[in-house]
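Visitor: mmCIF, C-alpha atoms, file target-v6.cif:
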```
data_entry
loop_
_atom_site.label_atom_id
_atom_site.label_comp_id
_atom_site.auth_asym_id
_atom_site.auth_seq_id
_atom_site.Cartn_x
_atom_site.Cartn_y
_atom_site.Cartn_z
CA MET A 1 -13.48 -18.77 46.84
CA ARG A 2 -11.47 -16.08 48.63
CA THR A 3 -11.38 -13.87 45.50
CA ALA A 4 -15.11 -14.32 44.88
CA ALA A 5 -15.91 -13.50 48.51
CA LEU A 6 -13.80 -10.35 48.33
CA ALA A 7 -15.64 -9.23 45.20
CA LEU A 8 -18.99 -9.63 46.97
CA LEU A 9 -17.82 -7.39 49.79
CA LEU A 10 -16.81 -4.51 47.53
CA PRO A 11 -18.89 -1.35 47.94
CA LEU A 12 -21.23 -0.53 45.06
CA MET A 13 -19.76 2.96 44.78
CA THR A 14 -16.88 4.92 46.21
CA THR A 15 -16.39 8.63 45.69
CA ALA A 16 -13.66 11.06 46.65
CA ALA A 17 -13.90 14.67 45.49
CA ASN A 18 -13.42 14.54 41.72
CA TYR A 19 -13.24 10.76 41.25
CA SER A 20 -15.70 7.90 41.61
CA ALA A 21 -15.87 4.14 41.03
CA ARG A 22 -19.30 2.54 40.61
CA ARG A 23 -20.24 -1.16 40.35
CA THR A 24 -23.40 -1.96 38.42
CA GLU A 25 -24.97 -4.54 36.13
CA VAL A 26 -25.73 -3.75 32.49
CA ASP A 27 -28.08 -6.28 30.88
CA GLY A 28 -26.92 -8.87 33.42
CA ILE A 29 -23.19 -8.17 32.93
CA GLU A 30 -21.07 -6.96 35.86
CA VAL A 31 -19.65 -3.53 34.99
CA VAL A 32 -17.39 -1.04 36.74
CA THR A 33 -17.55 2.63 35.73
CA LEU A 34 -14.76 5.01 36.72
CA ALA A 35 -15.34 8.75 36.45
CA ASP A 36 -13.19 11.88 36.46
CA ALA A 37 -15.67 14.75 36.84
CA GLU A 38 -13.15 17.54 36.25
CA HIS A 39 -12.08 16.19 32.85
CA HIS A 40 -15.52 14.78 31.89
CA LEU A 41 -13.98 11.35 31.38
CA GLU A 42 -15.59 7.97 32.12
CA VAL A 43 -14.37 4.41 31.65
CA SER A 44 -16.67 1.37 31.72
CA ILE A 45 -15.14 -2.10 32.15
CA ALA A 46 -16.76 -5.54 31.87
CA PRO A 47 -14.66 -7.96 33.98
CA PRO A 48 -16.60 -11.10 32.85
CA ILE A 49 -15.82 -10.36 29.18
CA GLY A 50 -12.04 -10.42 29.06
CA ASN A 51 -11.90 -7.56 31.57
CA MET A 52 -12.34 -5.25 28.59
CA ALA A 53 -12.93 -1.54 28.79
CA TYR A 54 -15.77 -1.12 26.30
CA GLU A 55 -16.34 2.61 26.75
CA ILE A 56 -13.96 5.50 27.30
CA LYS A 57 -16.25 8.52 27.12
CA ALA A 58 -14.67 11.96 26.70
CA HIS A 59 -17.35 14.63 27.17
CA GLY A 60 -19.93 11.92 26.47
CA LYS A 61 -18.33 10.54 23.28
CA ASN A 62 -16.99 6.99 23.25
CA ILE A 63 -13.45 7.08 21.82
CA LEU A 64 -13.42 3.26 21.58
CA TRP A 65 -14.84 1.46 18.57
CA PHE A 66 -17.67 -0.60 20.07
CA PRO A 67 -20.15 -1.86 17.43
CA PHE A 68 -22.77 -2.99 19.98
CA HIS A 69 -25.45 -1.49 22.18
CA SER A 70 -24.30 -3.16 25.40
CA PRO A 71 -21.67 -5.57 26.76
CA ALA A 72 -24.30 -8.32 26.66
CA ASP A 73 -24.28 -8.04 22.86
CA LEU A 74 -20.49 -8.42 22.88
CA LYS A 75 -20.78 -11.50 25.08
CA ALA A 76 -23.33 -13.01 22.68
CA GLN A 77 -21.22 -12.22 19.62
CA PRO A 78 -17.53 -12.08 20.61
CA THR A 79 -15.77 -9.60 18.32
CA LEU A 80 -12.39 -7.94 18.62
CA CYS A 81 -13.16 -4.33 19.56
CA CYS A 82 -12.75 -2.01 22.57
CA VAL A 83 -9.54 -2.90 24.52
CA PRO A 84 -8.87 -6.65 24.25
CA PHE A 85 -5.97 -8.24 26.14
CA LEU A 86 -3.78 -10.60 24.11
CA GLY A 87 -2.14 -13.32 26.14
CA PRO A 88 -0.23 -15.44 26.75
CA TRP A 89 0.92 -14.46 23.26
CA ALA A 90 -0.09 -11.56 21.05
CA ASN A 91 -0.47 -11.80 17.29
CA ARG A 92 0.49 -14.98 15.44
CA LEU A 93 2.49 -18.11 16.01
CA ASP A 94 3.91 -19.65 12.84
CA GLU A 95 2.70 -23.14 13.82
CA ASP A 96 0.66 -24.96 16.47
CA ALA A 97 3.68 -24.95 18.78
CA PHE A 98 6.11 -22.60 20.47
CA TRP A 99 9.56 -22.74 22.03
CA ALA A 100 10.45 -21.69 25.58
CA ASN A 101 13.61 -22.37 27.59
CA GLY A 102 14.90 -24.66 24.84
CA LYS A 103 11.79 -26.87 24.86
CA LYS A 104 9.08 -27.16 22.24
CA TYR A 105 5.49 -27.06 23.49
CA ARG A 106 2.65 -28.16 21.20
CA LEU A 107 -0.82 -26.65 21.24
CA ASN A 108 -3.89 -28.87 21.51
CA PRO A 109 -6.47 -27.70 18.94
CA ASP A 110 -9.04 -30.19 20.27
CA LEU A 111 -9.56 -28.04 23.37
CA GLY A 112 -11.35 -25.43 21.25
CA ASN A 113 -9.76 -22.36 22.84
CA ILE A 114 -7.41 -21.32 20.02
CA ARG A 115 -8.31 -18.46 17.65
CA ARG A 116 -6.95 -18.64 14.11
CA ASP A 117 -6.18 -16.04 11.46
CA SER A 118 -7.07 -16.28 7.77
CA HIS A 119 -4.04 -18.53 7.23
CA GLN A 120 -5.12 -20.82 10.10
CA LYS A 121 -2.26 -19.68 12.33
CA PRO A 122 -2.89 -19.43 16.11
CA ILE A 123 -3.49 -15.78 16.95
CA HIS A 124 -3.95 -13.55 20.01
CA GLY A 125 -3.64 -16.20 22.70
CA LEU A 126 -6.44 -17.62 24.82
CA LEU A 127 -7.98 -14.81 26.85
CA ASN A 128 -9.67 -12.25 24.54
CA PHE A 129 -13.17 -12.74 25.98
CA SER A 130 -12.35 -14.88 29.00
CA PRO A 131 -14.89 -15.02 31.88
CA ALA A 132 -12.10 -16.09 34.26
CA TRP A 133 -11.33 -12.55 35.44
CA ALA A 134 -12.42 -11.66 39.00
CA LEU A 135 -12.88 -8.07 40.16
CA VAL A 136 -10.85 -7.51 43.34
CA ALA A 137 -11.02 -3.71 43.79
CA ALA A 138 -13.10 -0.77 42.55
CA GLU A 139 -12.21 2.37 44.46
CA ALA A 140 -11.58 6.10 44.28
CA ASP A 141 -9.60 8.59 46.32
CA ALA A 142 -8.64 12.24 45.94
CA ARG A 143 -6.10 11.46 43.22
CA SER A 144 -7.67 8.77 41.01
CA ALA A 145 -10.30 6.08 40.47
CA TRP A 146 -9.33 2.51 39.68
CA ALA A 147 -10.59 -1.01 39.07
CA THR A 148 -8.39 -4.07 39.52
CA SER A 149 -9.17 -7.56 38.23
CA ARG A 150 -7.20 -10.77 38.44
CA LEU A 151 -7.00 -13.93 36.34
CA GLU A 152 -5.43 -16.96 38.02
CA PHE A 153 -4.25 -18.70 34.87
CA TRP A 154 -2.78 -21.63 36.81
CA LYS A 155 -6.22 -22.74 38.00
CA HIS A 156 -7.51 -23.53 34.51
CA PRO A 157 -6.40 -26.86 32.97
CA GLU A 158 -7.55 -25.90 29.45
CA MET A 159 -5.28 -22.84 29.61
CA MET A 160 -2.33 -24.62 31.18
CA ALA A 161 -2.53 -27.32 28.51
CA GLN A 162 -1.77 -24.68 25.87
CA PHE A 163 0.75 -22.58 27.86
CA PRO A 164 2.11 -24.63 30.77
CA PHE A 165 3.49 -21.77 32.85
CA ALA A 166 1.62 -21.24 36.12
CA HIS A 167 1.04 -17.52 36.52
CA THR A 168 -1.39 -14.87 37.68
CA ILE A 169 -2.36 -11.80 35.63
CA THR A 170 -3.48 -8.62 37.40
CA MET A 171 -4.89 -5.72 35.39
CA THR A 172 -5.72 -2.26 36.75
CA TYR A 173 -7.54 0.49 34.89
CA ARG A 174 -6.77 3.81 36.56
CA LEU A 175 -8.35 7.16 35.72
CA ARG A 176 -6.20 10.13 36.71
CA ASP A 177 -5.71 13.70 35.45
CA GLY A 178 -7.68 13.19 32.26
CA GLU A 179 -6.05 9.97 31.07
CA VAL A 180 -6.58 6.24 31.42
CA GLU A 181 -3.73 4.02 32.59
CA VAL A 182 -3.87 0.28 31.88
CA GLU A 183 -1.39 -1.51 34.13
CA THR A 184 -0.63 -5.21 33.71
CA SER A 185 1.29 -7.42 36.12
CA LEU A 186 2.39 -11.00 35.49
CA GLU A 187 3.42 -13.10 38.49
CA ASN A 188 5.34 -16.22 37.49
CA LEU A 189 4.46 -19.10 39.82
CA SER A 190 6.40 -21.65 37.77
CA ALA A 191 9.78 -23.20 38.56
CA GLU A 192 11.19 -21.97 35.21
CA PRO A 193 11.45 -18.55 33.52
CA MET A 194 8.27 -17.55 31.70
CA PRO A 195 8.60 -15.79 28.32
CA VAL A 196 6.56 -12.61 27.86
CA ALA A 197 4.84 -11.78 24.58
CA ILE A 198 1.57 -10.21 25.75
CA GLY A 199 -0.06 -7.16 24.25
CA TYR A 200 -3.25 -5.16 23.79
CA HIS A 201 -5.30 -4.40 20.67
CA PRO A 202 -7.32 -1.24 21.48
CA TYR A 203 -9.65 0.16 18.82
CA PHE A 204 -10.01 3.96 18.67
CA GLN A 205 -12.31 6.30 16.76
CA LEU A 206 -12.70 10.02 16.06
CA ASP A 207 -15.89 11.65 14.85
CA ASP A 208 -14.93 15.20 13.88
CA GLU A 209 -13.48 14.27 10.48
CA PRO A 210 -13.82 11.37 8.01
CA ARG A 211 -11.44 8.48 8.61
CA GLU A 212 -9.52 9.23 5.38
CA GLN A 213 -8.54 12.62 6.80
CA TRP A 214 -7.16 11.32 10.09
CA LYS A 215 -3.47 11.99 10.67
CA VAL A 216 -1.19 9.62 12.57
CA HIS A 217 2.08 10.08 14.45
CA LEU A 218 4.25 6.94 14.48
CA ALA A 219 6.83 7.15 17.28
CA ALA A 220 9.23 4.57 15.85
CA ARG A 221 12.47 4.35 13.91
CA ASP A 222 12.24 0.77 12.60
CA HIS A 223 9.64 -0.78 10.30
CA LEU A 224 9.72 -4.58 10.53
CA LEU A 225 9.39 -6.50 7.28
CA LEU A 226 6.80 -9.29 7.27
CA SER A 227 6.31 -12.47 5.27
CA ASN A 228 3.14 -13.13 3.29
CA LEU A 229 1.85 -14.79 6.49
CA LEU A 230 2.48 -11.54 8.43
CA ILE A 231 5.38 -13.08 10.39
CA PRO A 232 8.51 -10.90 10.84
CA THR A 233 11.39 -11.98 8.62
CA GLY A 234 14.06 -10.48 10.88
CA GLU A 235 14.71 -7.64 8.44
CA ARG A 236 14.10 -4.01 9.37
CA LYS A 237 14.11 -0.75 7.47
CA PRO A 238 13.80 2.88 8.56
CA VAL A 239 10.23 4.10 8.99
CA GLU A 240 9.29 5.63 5.64
CA PHE A 241 5.95 7.20 6.57
CA ALA A 242 5.50 10.95 6.72
CA ASP A 243 5.06 12.57 10.13
CA PRO A 244 2.16 12.91 10.48
CA HIS A 245 0.94 10.19 8.13
CA SER A 246 -2.45 10.73 6.53
CA LEU A 247 -4.73 7.71 6.28
CA ASN A 248 -5.87 8.84 2.83
CA VAL A 249 -2.43 7.77 1.56
CA SER A 250 -2.53 4.14 2.65
CA GLN A 251 -3.98 1.73 5.16
CA LEU A 252 -1.79 0.46 8.00
CA ASP A 253 -1.18 -3.07 9.27
CA ASP A 254 2.45 -2.73 10.31
CA VAL A 255 4.90 -3.68 13.06
CA PHE A 256 7.32 -1.08 14.41
CA GLY A 257 10.37 -1.28 16.66
CA ASP A 258 13.05 0.96 18.17
CA LEU A 259 10.35 3.24 19.53
CA ILE A 260 11.12 6.95 19.93
CA ARG A 261 10.94 7.72 23.64
CA GLY A 262 11.03 10.82 25.76
CA ASP A 263 13.16 11.41 28.84
CA ASP A 264 10.57 9.44 30.83
CA GLY A 265 11.22 6.34 28.71
CA ARG A 266 7.76 6.45 27.15
CA ALA A 267 6.80 6.45 23.45
CA ARG A 268 3.77 8.45 22.31
CA PHE A 269 1.61 7.59 19.30
CA TRP A 270 -1.42 9.62 18.30
CA VAL A 271 -4.24 10.03 15.81
CA GLU A 272 -6.01 13.33 15.24
CA GLY A 273 -8.87 14.82 13.25
CA LYS A 274 -9.78 18.51 13.09
CA LYS A 275 -9.56 19.06 16.85
CA GLN A 276 -9.90 15.65 18.40
CA ARG A 277 -6.79 13.68 19.30
CA ILE A 278 -6.22 10.33 20.98
CA SER A 279 -2.71 9.67 22.28
CA VAL A 280 -1.46 6.23 23.31
CA THR A 281 1.68 6.19 25.43
CA TYR A 282 3.81 3.05 25.74
CA GLY A 283 5.79 2.26 28.89
CA PRO A 284 9.41 1.06 28.46
CA LYS A 285 8.61 -2.68 28.53
CA TYR A 286 6.23 -2.31 25.60
CA THR A 287 9.02 -2.43 23.05
CA VAL A 288 6.97 -3.03 19.90
CA ALA A 289 4.04 -1.19 18.31
CA VAL A 290 1.56 -2.68 15.88
CA VAL A 291 -0.57 -0.06 14.12
CA TYR A 292 -3.70 -1.30 12.35
CA ALA A 293 -5.94 1.01 10.31
CA PRO A 294 -7.61 -1.01 7.54
CA ALA A 295 -9.23 0.74 4.61
CA ALA A 296 -12.91 1.65 4.87
CA ARG A 297 -13.09 0.89 8.60
CA GLU A 298 -13.81 3.67 11.08
CA PHE A 299 -11.10 2.84 13.61
CA ILE A 300 -7.38 2.73 14.21
CA CYS A 301 -5.51 0.44 16.60
CA PHE A 302 -2.34 1.45 18.43
CA GLU A 303 -1.27 -1.88 19.94
CA PRO A 304 1.28 -1.96 22.80
CA MET A 305 3.30 -5.17 22.52
CA ALA A 306 5.90 -6.70 24.82
CA ALA A 307 7.44 -8.55 21.84
CA ILE A 308 7.22 -8.94 18.08
CA THR A 309 4.85 -11.36 16.34
CA ASP A 310 5.90 -15.04 16.78
CA ALA A 311 8.46 -13.92 19.37
CA PHE A 312 8.78 -17.29 21.14
CA ASN A 313 9.75 -19.12 17.96
CA LEU A 314 11.83 -16.35 16.42
CA ALA A 315 13.81 -16.02 19.66
CA HIS A 316 14.56 -19.74 19.62
CA ALA A 317 15.66 -19.46 15.98
CA GLY A 318 18.07 -16.67 16.90
CA VAL A 319 16.21 -14.10 14.79
CA TYR A 320 14.83 -12.09 17.74
CA LYS A 321 17.18 -11.10 20.55
CA GLU A 322 14.88 -9.00 22.75
CA LEU A 323 12.40 -11.51 24.18
CA GLN A 324 11.60 -10.64 27.81
CA SER A 325 10.99 -13.23 30.50
CA VAL A 326 9.92 -13.40 34.13
CA PRO A 327 12.20 -15.40 36.45
CA ALA A 328 10.69 -18.13 38.60
CA GLY A 329 8.85 -16.41 41.43
CA GLY A 330 9.29 -13.01 39.75
CA GLN A 331 6.99 -10.32 38.42
CA TRP A 332 6.68 -8.35 35.16
CA LYS A 333 4.77 -5.08 35.27
CA GLU A 334 4.09 -2.36 32.71
CA SER A 335 1.50 0.25 31.71
CA PHE A 336 0.20 2.11 28.73
CA TRP A 337 -1.87 5.31 28.81
CA ILE A 338 -4.78 6.57 26.71
CA THR A 339 -5.30 10.35 26.58
CA PRO A 340 -8.16 11.98 24.66
CA SER A 341 -8.19 15.72 23.94
CA GLY A 342 -10.30 18.11 21.89
CA PHE A 343 -13.58 16.26 22.46
#
```
Kindly transcribe the structure held in the file into structure tokens.

Guide:
Amino acid sequence: MRTAALALLLPLMTTAANYSARRTEVDGIEVVTLADAEHHLEVSIAPPIGNMAYEIKAHGKNILWFPFHSPADLKAQPTLCCVPFLGPWANRLDEDAFWANGKKYRLNPDLGNIRRDSHQKPIHGLLNFSPAWALVAAEADARSAWATSRLEFWKHPEMMAQFPFAHTITMTYRLRDGEVEVETSLENLSAEPMPVAIGYHPYFQLDDEPREQWKVHLAARDHLLLSNLLIPTGERKPVEFADPHSLNVSQLDDVFGDLIRGDDGRARFWVEGKKQRISVTYGPKYTVAVVYAPAAREFICFEPMAAITDAFNLAHAGVYKELQSVPAGGQWKESFWITPSGF
């Protein structure tokens, strides 16, 4: 009740010089729009639909792939697009169970909240389109505009039954200096360490050149080998793609590790057309990149991941040594950044 009351008290719009944050309804869906007037950049977020940003407009052009007219259409026909959050695990599990802290936890398919891939493996967690997010801040000052939403995972029995770690997720979209930061914080309320394998699956598009002519920079040294079920085998090889890699050579649905980082600890991936470019920058705790650009589809996904596919089970098997966790009472926090240019 306290969170809901706070949301009702939020101002409909705050402005400060260059930045603004506006709360509205679009076809009955609560929406927050952040604006950076100097850089002609706007972000629209729908908290009741997975807290997804469904528009990032650079000079009026949406750089996100959004195959609908409004967020109400997305609610009526849930489809992976825009900027979906993947949690409490990203990508696939190799069975209807996972290991954590030496214990095996089984999923309950009868609850109806598990997505499955074409091989019937659990995929992308429980929260892609969740209405459980609550907006807690939508503000602007002289330096940025931001919107913060929170999901209290521990309050939902159908979620806890699948992933029995009490925790709270806080997500902030921040617009500053011509780029969009997406910050995610996990607060572990459990008495045991909580493994972290979250991620995002943002869909990007350019419109100044056909998709086959787009060029891609892959900021990684390792290319992870996958089984026929798209589960990492534990083997790695050096990245063999050209830099930049042209999408007319091959499609991409690949997992990359050992990311190439600058002095700031961040790794930068990008796609570009003739003049347009979208860069996606990974903070240090996003240690894995999935890049998805299927043939004949007008989008590319640069996916920041805190762990490899099936990380919980591969860590237990001794195949994966880099699984992160949050200690009891602790917090995990990381960001990624989206920067359009040339629009």

Visitor: So that I can check the surroundings of Ile45 in chain A, please list as a list in words every protein, DNA and RNA residue that reaches within 10 Å of it, counting all atoms listed in the file and ignoring chain neighbours fewer than 6 positions away.

Guide: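 Counting only the stated atoms, we get Arg23, Glu30, Val31, Val32, Thr33, Leu34, Asn51, Met52, Ala53, Tyr54, Glu55, Ile56, Pro71, Cys82, Val83, Ala147 and Tyr173 of chain A.
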
Visitor: Would you work out the distance separating CA of Val180 in chain A from CA of Gly28 in chain A, expressed in Å to one decimal?

Guide: 25.4 Å

Visitor: I would like the residues chosen by the PyMOL selection byres ((chain A and resi 128) around 9) on the shown file; could you give them as an mmCIF file with C-alpha atoms, in the frame of the given file?

Guide:
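Written file, part.cif:
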```
data_model
loop_
_atom_site.group_PDB
_atom_site.id
_atom_site.type_symbol
_atom_site.label_atom_id
_atom_site.label_comp_id
_atom_site.auth_asym_id
_atom_site.auth_seq_id
_atom_site.Cartn_x
_atom_site.Cartn_y
_atom_site.Cartn_z
ATOM 1 C CA ILE A 49 -15.820 -10.360 29.180
ATOM 2 C CA GLY A 50 -12.040 -10.420 29.060
ATOM 3 C CA ASN A 51 -11.900 -7.560 31.570
ATOM 4 C CA MET A 52 -12.340 -5.250 28.590
ATOM 5 C CA PRO A 78 -17.530 -12.080 20.610
ATOM 6 C CA LEU A 80 -12.390 -7.940 18.620
ATOM 7 C CA PRO A 84 -8.870 -6.650 24.250
ATOM 8 C CA PHE A 85 -5.970 -8.240 26.140
ATOM 9 C CA LEU A 86 -3.780 -10.600 24.110
ATOM 10 C CA GLY A 87 -2.140 -13.320 26.140
ATOM 11 C CA HIS A 124 -3.950 -13.550 20.010
ATOM 12 C CA GLY A 125 -3.640 -16.200 22.700
ATOM 13 C CA LEU A 126 -6.440 -17.620 24.820
ATOM 14 C CA LEU A 127 -7.980 -14.810 26.850
ATOM 15 C CA PHE A 129 -13.170 -12.740 25.980
ATOM 16 C CA SER A 130 -12.350 -14.880 29.000
#
```

Visitor: For this file, the PyMOL selection byres ((chain A and resi 57) around 8) selects which residues, as a PDB file with C-alpha atoms, keeping the file's coordinate frame?

Guide:
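Output saved as result-v5.pdb:
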```
ATOM      1  CA  HIS A  40     -15.520  14.780  31.890  1.00  0.00           C
ATOM      2  CA  LEU A  41     -13.980  11.350  31.380  1.00  0.00           C
ATOM      3  CA  GLU A  42     -15.590   7.970  32.120  1.00  0.00           C
ATOM      4  CA  VAL A  43     -14.370   4.410  31.650  1.00  0.00           C
ATOM      5  CA  GLU A  55     -16.340   2.610  26.750  1.00  0.00           C
ATOM      6  CA  ILE A  56     -13.960   5.500  27.300  1.00  0.00           C
ATOM      7  CA  ALA A  58     -14.670  11.960  26.700  1.00  0.00           C
ATOM      8  CA  HIS A  59     -17.350  14.630  27.170  1.00  0.00           C
ATOM      9  CA  GLY A  60     -19.930  11.920  26.470  1.00  0.00           C
ATOM     10  CA  LYS A  61     -18.330  10.540  23.280  1.00  0.00           C
ATOM     11  CA  ASN A  62     -16.990   6.990  23.250  1.00  0.00           C
ATOM     12  CA  ILE A  63     -13.450   7.080  21.820  1.00  0.00           C
TER      13      ILE A  63
END
```

Visitor: Once the PyMOL selection byres ((chain A and resi 276-281) around 9) has been applied to the shown file, what residues remain in the selection, as a ChimeraX atom specification?

Guide: /A:63,204-209,266-275,282-283,302-304,335-343

Visitor: Just C-alpha atoms for this one: save the residues we selected as a PDB file, in the coordinates of the input.

Guide:
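So the final result, stored in result-v9.pdb, reads:
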```
ATOM      1  CA  ILE A  63     -13.450   7.080  21.820  1.00  0.00           C
ATOM      2  CA  PHE A 204     -10.010   3.960  18.670  1.00  0.00           C
ATOM      3  CA  GLN A 205     -12.310   6.300  16.760  1.00  0.00           C
ATOM      4  CA  LEU A 206     -12.700  10.020  16.060  1.00  0.00           C
ATOM      5  CA  ASP A 207     -15.890  11.650  14.850  1.00  0.00           C
ATOM      6  CA  ASP A 208     -14.930  15.200  13.880  1.00  0.00           C
ATOM      7  CA  GLU A 209     -13.480  14.270  10.480  1.00  0.00           C
ATOM      8  CA  ARG A 266       7.760   6.450  27.150  1.00  0.00           C
ATOM      9  CA  ALA A 267       6.800   6.450  23.450  1.00  0.00           C
ATOM     10  CA  ARG A 268       3.770   8.450  22.310  1.00  0.00           C
ATOM     11  CA  PHE A 269       1.610   7.590  19.300  1.00  0.00           C
ATOM     12  CA  TRP A 270      -1.420   9.620  18.300  1.00  0.00           C
ATOM     13  CA  VAL A 271      -4.240  10.030  15.810  1.00  0.00           C
ATOM     14  CA  GLU A 272      -6.010  13.330  15.240  1.00  0.00           C
ATOM     15  CA  GLY A 273      -8.870  14.820  13.250  1.00  0.00           C
ATOM     16  CA  LYS A 274      -9.780  18.510  13.090  1.00  0.00           C
ATOM     17  CA  LYS A 275      -9.560  19.060  16.850  1.00  0.00           C
ATOM     18  CA  TYR A 282       3.810   3.050  25.740  1.00  0.00           C
ATOM     19  CA  GLY A 283       5.790   2.260  28.890  1.00  0.00           C
ATOM     20  CA  PHE A 302      -2.340   1.450  18.430  1.00  0.00           C
ATOM     21  CA  GLU A 303      -1.270  -1.880  19.940  1.00  0.00           C
ATOM     22  CA  PRO A 304       1.280  -1.960  22.800  1.00  0.00           C
ATOM     23  CA  SER A 335       1.500   0.250  31.710  1.00  0.00           C
ATOM     24  CA  PHE A 336       0.200   2.110  28.730  1.00  0.00           C
ATOM     25  CA  TRP A 337      -1.870   5.310  28.810  1.00  0.00           C
ATOM     26  CA  ILE A 338      -4.780   6.570  26.710  1.00  0.00           C
ATOM     27  CA  THR A 339      -5.300  10.350  26.580  1.00  0.00           C
ATOM     28  CA  PRO A 340      -8.160  11.980  24.660  1.00  0.00           C
ATOM     29  CA  SER A 341      -8.190  15.720  23.940  1.00  0.00           C
ATOM     30  CA  GLY A 342     -10.300  18.110  21.890  1.00  0.00           C
ATOM     31  CA  PHE A 343     -13.580  16.260  22.460  1.00  0.00           C
TER      32      PHE A 343
END
```

Visitor: Please list as a PyMOL selection string every residue within 12 Å of Leu93 in chain A, counting all atoms listed in the file and excluding residues in the same chain fewer than 2 positions away.

Guide: chain A and resi 88-91+95-99+106-107+114-117+119-125+197+229-232+308-314

Visitor: Mind listing whatever residues come within 8 Å of the point (6.1, -4.8, 18.2)? Use all atoms listed in the file, file coordinates, and give them as a list in words.

Guide: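 Using all atoms listed in the file, the matching residues come out as Val255, Phe256, Gly257, Tyr286, Thr287, Val288, Ala289, Val290, Pro304, Met305, Ala306, Ala307, Ile308 and Thr309 of chain A.
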
Visitor: Using only C-alpha atoms, list the residues that have an atom at most 8 Å from (-4.2, -4.9, 10.1), coordinates as in the file, as a list in words.

Guide: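 Residues lying no farther than 8 Å from the given point: Leu252, Asp253, Asp254, Val291, Tyr292, Ala293 and Pro294 of chain A.
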
Visitor: Could you check the closest approach to Ala137 in chain A for each of A:Ala37, A:Ile260, A:Val216, A:Leu12 and tell me which residue wins, using only C-alpha atoms?

Guide: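 The answer is A:Leu12, which sits nearest to Ala137 in chain A.
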
Visitor: Can you tell me how far CA of Asp27 in chain A sits from CA of Ser149 in chain A, in Å to one decimal?

Guide: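 About the pair CA of Asp27 in chain A and CA of Ser149 in chain A: they are 20.3 Å apart.
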
Visitor: Tell me which of A:Lys321, A:Met13, A:His201, A:Leu189 sits closest to Thr168 in chain A, counting all atoms listed in the file.

Guide: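 Closest to Thr168 in chain A, using all atoms listed in the file: A:Leu189.
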
Visitor: CA of Arg297 in chain A and CA of Arg174 in chain A are how many Å apart?

Guide: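 Value for the CA of Arg297 in chain A-CA of Arg174 in chain A distance: 28.8 Å.
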